[in-house]
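S.K.: Can you keep this structure in mind? I'll have questions shortly.
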Amino acid sequence: MPLPFLTADRAFDEAADDRALPFDDRDQWRRPYRPGPWRVGAAALVLLLASYVLFAAVIIALTGTMAAAAVCLGGALLVILCALRLLRVGVWVSATGLRRVSFLRTSTAPWEQVAAVRTVQQPVRWLGLPRTVQGQALVLVRRDRAPDALVPLLTTHGADFLARMEAFDRAADAVEVWADEYRRS
């Protein structure tokens, strides 16, 4: 079974020719980096919780009423959907534009609206919590918004890049290359 998110970093590292973007199908949305260990670990724990809820649904179905088992099964499916959404969170790029996927919302900026994508030093949230620490962020500057309305796309202290500075630099460079390539055209 192919796992395309495992080959995202490798595709940029092994680009033998002079192409900046080593993908043939640029119309497909892709995340130019791997999900981080904190994100994958949290999703694994949520799926572990879902397995317990599914086991409880089986026990309830065998000993109790089917209505209670159906409610328990519905709760397990909701927990599984939350784990899958947690794995999809991040920045996705294609020839169409730049997409920022959060847990509850997805926003897409066409390349025509992107003024710049750059790395800045600023206070960033630690694992998405209210506590802020000094770190780096990859920010999106849009043409249709005020210059002070910078949208942070990736941070060094997020679930994908905590204690992985090289991975953050590689991902930021990849997103900047996509932005440079498509803002020019």
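Labels for the structure tokens follow display order: chains A, B, ..., residues from 1 in each chain, ligands from 1.
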Which residues are near region 132-139 of chain A? Cut-off 7 Å, only C-alpha atoms, ignore same chain within fewer than 2 positions. Put them as a CSV table (one decimal) with N, CA, C and O atoms, in the first residue's frame.
M.R.:
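And here is the file that came out, result-v6.csv:
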chain,number,residue,atom,x,y,z
A,117,VAL,N,5.6,34.4,0.9
A,117,VAL,CA,5.7,33.4,1.9
A,117,VAL,C,7.1,33.4,2.4
A,117,VAL,O,8.1,33.3,1.7
A,118,ARG,N,7.3,33.8,3.7
A,118,ARG,CA,8.6,33.9,4.3
A,118,ARG,C,8.7,33.4,5.7
A,118,ARG,O,7.7,33.3,6.4
A,119,THR,N,9.9,33.2,6.1
A,119,THR,CA,10.2,32.7,7.5
A,119,THR,C,10.5,33.9,8.4
A,119,THR,O,11.4,34.7,8.0
A,120,VAL,N,9.9,34.1,9.5
A,120,VAL,CA,10.1,35.2,10.4
A,120,VAL,C,10.3,34.6,11.8
A,120,VAL,O,9.9,33.6,12.2
A,121,GLN,N,11.1,35.4,12.6
A,121,GLN,CA,11.3,35.1,14.0
A,121,GLN,C,10.2,35.8,14.8
A,121,GLN,O,10.1,37.1,14.7
A,122,GLN,N,9.4,35.1,15.6
A,122,GLN,CA,8.4,35.7,16.3
A,122,GLN,C,7.9,34.8,17.5
A,122,GLN,O,8.3,33.6,17.5
A,123,PRO,N,7.1,35.3,18.4
A,123,PRO,CA,6.5,34.4,19.4
A,123,PRO,C,5.5,33.5,18.7
A,123,PRO,O,4.7,33.9,17.9
A,124,VAL,N,5.6,32.2,19.0
A,124,VAL,CA,4.8,31.2,18.4
A,124,VAL,C,4.1,30.3,19.5
A,124,VAL,O,4.7,30.2,20.6
A,125,ARG,N,3.0,29.7,19.2
A,125,ARG,CA,2.3,28.9,20.2
A,125,ARG,C,3.1,27.6,20.3
A,125,ARG,O,3.5,27.0,19.3
A,126,TRP,N,3.1,27.0,21.5
A,126,TRP,CA,3.8,25.8,21.8
A,126,TRP,C,2.7,24.7,21.7
A,126,TRP,O,1.8,24.6,22.5
A,130,PRO,N,-2.2,28.0,24.4
A,130,PRO,CA,-2.0,29.4,24.6
A,130,PRO,C,-0.6,29.9,25.0
A,130,PRO,O,-0.3,31.1,24.7
A,141,VAL,N,1.8,36.2,3.5
A,141,VAL,CA,1.4,37.6,3.3
A,141,VAL,C,0.5,37.6,2.1
A,141,VAL,O,0.9,37.2,1.0
A,150,LEU,N,-0.4,38.8,9.1
A,150,LEU,CA,0.4,37.7,8.6
A,150,LEU,C,-0.3,36.4,9.2
A,150,LEU,O,-0.5,36.2,10.3
A,151,VAL,N,-0.5,35.4,8.3
A,151,VAL,CA,-1.1,34.1,8.7
A,151,VAL,C,0.1,33.1,8.9
A,151,VAL,O,0.8,32.8,7.9
A,152,PRO,N,0.3,32.6,10.1
A,152,PRO,CA,1.3,31.6,10.3
A,152,PRO,C,0.9,30.3,9.7
A,152,PRO,O,-0.2,29.8,10.1
A,153,LEU,N,1.7,29.7,8.9
A,153,LEU,CA,1.4,28.5,8.2
A,153,LEU,C,2.0,27.3,9.0
A,153,LEU,O,1.4,26.3,9.3
A,154,LEU,N,3.3,27.4,9.3
A,154,LEU,CA,4.1,26.4,10.1
A,154,LEU,C,4.9,27.1,11.1
A,154,LEU,O,5.3,28.3,11.0
A,155,THR,N,5.1,26.4,12.3
A,155,THR,CA,5.9,27.0,13.3
A,155,THR,C,6.9,25.9,13.8
A,155,THR,O,6.7,24.7,13.6
A,156,THR,N,8.0,26.4,14.4
A,156,THR,CA,9.0,25.5,14.9
A,156,THR,C,8.5,24.7,16.2
A,156,THR,O,9.1,23.7,16.5
A,157,HIS,N,7.5,25.2,16.8
A,157,HIS,CA,7.0,24.6,18.0
A,157,HIS,C,5.6,24.0,17.8
A,157,HIS,O,4.8,23.8,18.8
A,172,ALA,N,9.7,24.6,5.2
A,172,ALA,CA,9.6,26.0,4.8
A,172,ALA,C,10.2,26.3,3.5
A,172,ALA,O,9.6,27.0,2.7
S.K.: Could you give me, as a ChimeraX atom specification, the residues within 9 Å of Gln113 (chain A), counting only C-alpha atoms and dropping anything in the same chain fewer than 2 positions from it?
M.R.: /A:97,109-111,115,141-144,183
S.K.: Could you pull out all residues of region 70-102 of chain A with a DSSP call of strand (DSSP E or B) and give them as a list in words?
M.R.: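 Matching residues, listed in order: Gly90, Val91, Trp92, Val93, Gly97, Leu98, Arg99, Arg100 and Val101 of chain A.
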S.K.: Would you put the residues from that selection into a file with all heavy atoms, as a JSON list (two decimals), in the first residue's frame?
M.R.:
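New file result14.json:
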[["chain", "number", "residue", "atom", "x", "y", "z"],
["A", 90, "GLY", "N", -2.40, 20.73, 8.44],
["A", 90, "GLY", "CA", -1.10, 21.18, 7.94],
["A", 90, "GLY", "C", -1.26, 22.09, 6.74],
["A", 90, "GLY", "O", -2.34, 22.61, 6.46],
["A", 91, "VAL", "N", -0.17, 22.27, 6.02],
["A", 91, "VAL", "CA", -0.15, 23.10, 4.82],
["A", 91, "VAL", "C", -0.06, 22.19, 3.62],
["A", 91, "VAL", "O", 0.77, 21.28, 3.57],
["A", 91, "VAL", "CB", 1.06, 24.07, 4.86],
["A", 91, "VAL", "CG1", 1.17, 24.84, 3.57],
["A", 91, "VAL", "CG2", 0.93, 25.01, 6.04],
["A", 92, "TRP", "N", -0.93, 22.44, 2.64],
["A", 92, "TRP", "CA", -0.99, 21.65, 1.42],
["A", 92, "TRP", "C", -0.79, 22.61, 0.26],
["A", 92, "TRP", "O", -1.29, 23.74, 0.28],
["A", 92, "TRP", "CB", -2.34, 20.94, 1.30],
["A", 92, "TRP", "CG", -2.55, 19.94, 2.40],
["A", 92, "TRP", "CD1", -2.83, 20.20, 3.71],
["A", 92, "TRP", "CD2", -2.49, 18.53, 2.29],
["A", 92, "TRP", "NE1", -2.95, 19.04, 4.42],
["A", 92, "TRP", "CE2", -2.75, 17.99, 3.57],
["A", 92, "TRP", "CE3", -2.25, 17.68, 1.23],
["A", 92, "TRP", "CZ2", -2.76, 16.62, 3.79],
["A", 92, "TRP", "CZ3", -2.27, 16.31, 1.47],
["A", 92, "TRP", "CH2", -2.53, 15.80, 2.74],
["A", 93, "VAL", "N", -0.08, 22.18, -0.77],
["A", 93, "VAL", "CA", 0.19, 23.02, -1.94],
["A", 93, "VAL", "C", -0.19, 22.29, -3.22],
["A", 93, "VAL", "O", -0.19, 21.06, -3.27],
["A", 93, "VAL", "CB", 1.68, 23.44, -2.00],
["A", 93, "VAL", "CG1", 2.03, 24.40, -0.89],
["A", 93, "VAL", "CG2", 2.58, 22.23, -1.97],
["A", 97, "GLY", "N", -3.06, 26.69, -5.57],
["A", 97, "GLY", "CA", -2.77, 27.64, -4.51],
["A", 97, "GLY", "C", -2.21, 26.96, -3.29],
["A", 97, "GLY", "O", -1.68, 25.85, -3.35],
["A", 98, "LEU", "N", -2.35, 27.63, -2.17],
["A", 98, "LEU", "CA", -1.83, 27.17, -0.89],
["A", 98, "LEU", "C", -3.02, 26.95, 0.04],
["A", 98, "LEU", "O", -3.85, 27.85, 0.19],
["A", 98, "LEU", "CB", -0.88, 28.22, -0.33],
["A", 98, "LEU", "CG", -0.17, 27.85, 0.93],
["A", 98, "LEU", "CD1", 1.32, 27.80, 0.64],
["A", 98, "LEU", "CD2", -0.43, 28.87, 1.99],
["A", 99, "ARG", "N", -3.10, 25.79, 0.64],
["A", 99, "ARG", "CA", -4.23, 25.45, 1.50],
["A", 99, "ARG", "C", -3.74, 25.22, 2.91],
["A", 99, "ARG", "O", -2.80, 24.46, 3.15],
["A", 99, "ARG", "CB", -4.92, 24.20, 0.97],
["A", 99, "ARG", "CG", -6.12, 23.78, 1.76],
["A", 99, "ARG", "CD", -6.84, 22.66, 1.08],
["A", 99, "ARG", "NE", -7.57, 23.22, -0.05],
["A", 99, "ARG", "CZ", -8.22, 22.50, -0.94],
["A", 99, "ARG", "NH1", -8.22, 21.20, -0.86],
["A", 99, "ARG", "NH2", -8.86, 23.07, -1.94],
["A", 100, "ARG", "N", -4.37, 25.90, 3.87],
["A", 100, "ARG", "CA", -4.06, 25.72, 5.29],
["A", 100, "ARG", "C", -5.21, 24.96, 5.93],
["A", 100, "ARG", "O", -6.33, 25.47, 6.02],
["A", 100, "ARG", "CB", -3.87, 27.08, 5.96],
["A", 100, "ARG", "CG", -3.51, 26.97, 7.41],
["A", 100, "ARG", "CD", -3.23, 28.35, 7.98],
["A", 100, "ARG", "NE", -2.90, 28.24, 9.37],
["A", 100, "ARG", "CZ", -3.70, 28.61, 10.34],
["A", 100, "ARG", "NH1", -4.87, 29.12, 10.08],
["A", 100, "ARG", "NH2", -3.34, 28.46, 11.60],
["A", 101, "VAL", "N", -4.93, 23.74, 6.36],
["A", 101, "VAL", "CA", -5.95, 22.89, 6.96],
["A", 101, "VAL", "C", -5.76, 22.90, 8.47],
["A", 101, "VAL", "O", -4.70, 22.53, 8.97],
["A", 101, "VAL", "CB", -5.84, 21.44, 6.42],
["A", 101, "VAL", "CG1", -6.88, 20.54, 7.07],
["A", 101, "VAL", "CG2", -5.97, 21.41, 4.91]]
S.K.: Residues within 12 Å of Ala61 (chain A), please, as an MDAnalysis selection string. Count only C-alpha atoms; anything in the same chain fewer than 5 positions from it doesn't count.
M.R.: chainID A and resid 54:56 66:73
S.K.: Just to be explicit: take each residue in the selection above, keep C-alpha atoms, and write the result as a compact mmCIF listing (two decimals), in the first residue's frame.
M.R.:
# COMPACT_ATOMS: atom_id res chain seq x y z
CA LEU A 54 -15.63 -0.07 19.70
CA PHE A 55 -14.94 -2.93 22.09
CA ALA A 56 -17.48 -1.42 24.50
CA MET A 66 -29.00 -2.37 20.24
CA ALA A 67 -29.83 1.33 20.61
CA ALA A 68 -27.12 1.78 23.24
CA ALA A 69 -24.66 -0.16 21.07
CA ALA A 70 -25.49 2.05 18.09
CA VAL A 71 -24.83 5.18 20.15
CA CYS A 72 -21.52 3.75 21.28
CA LEU A 73 -20.64 2.79 17.70
S.K.: Based on DSSP run over this structure's backbone, return all residues of region 31-153 of chain A in helix (DSSP H, G or I), as a PyMOL selection string.
M.R.: chain A and resi 37-63+66-88+111-113
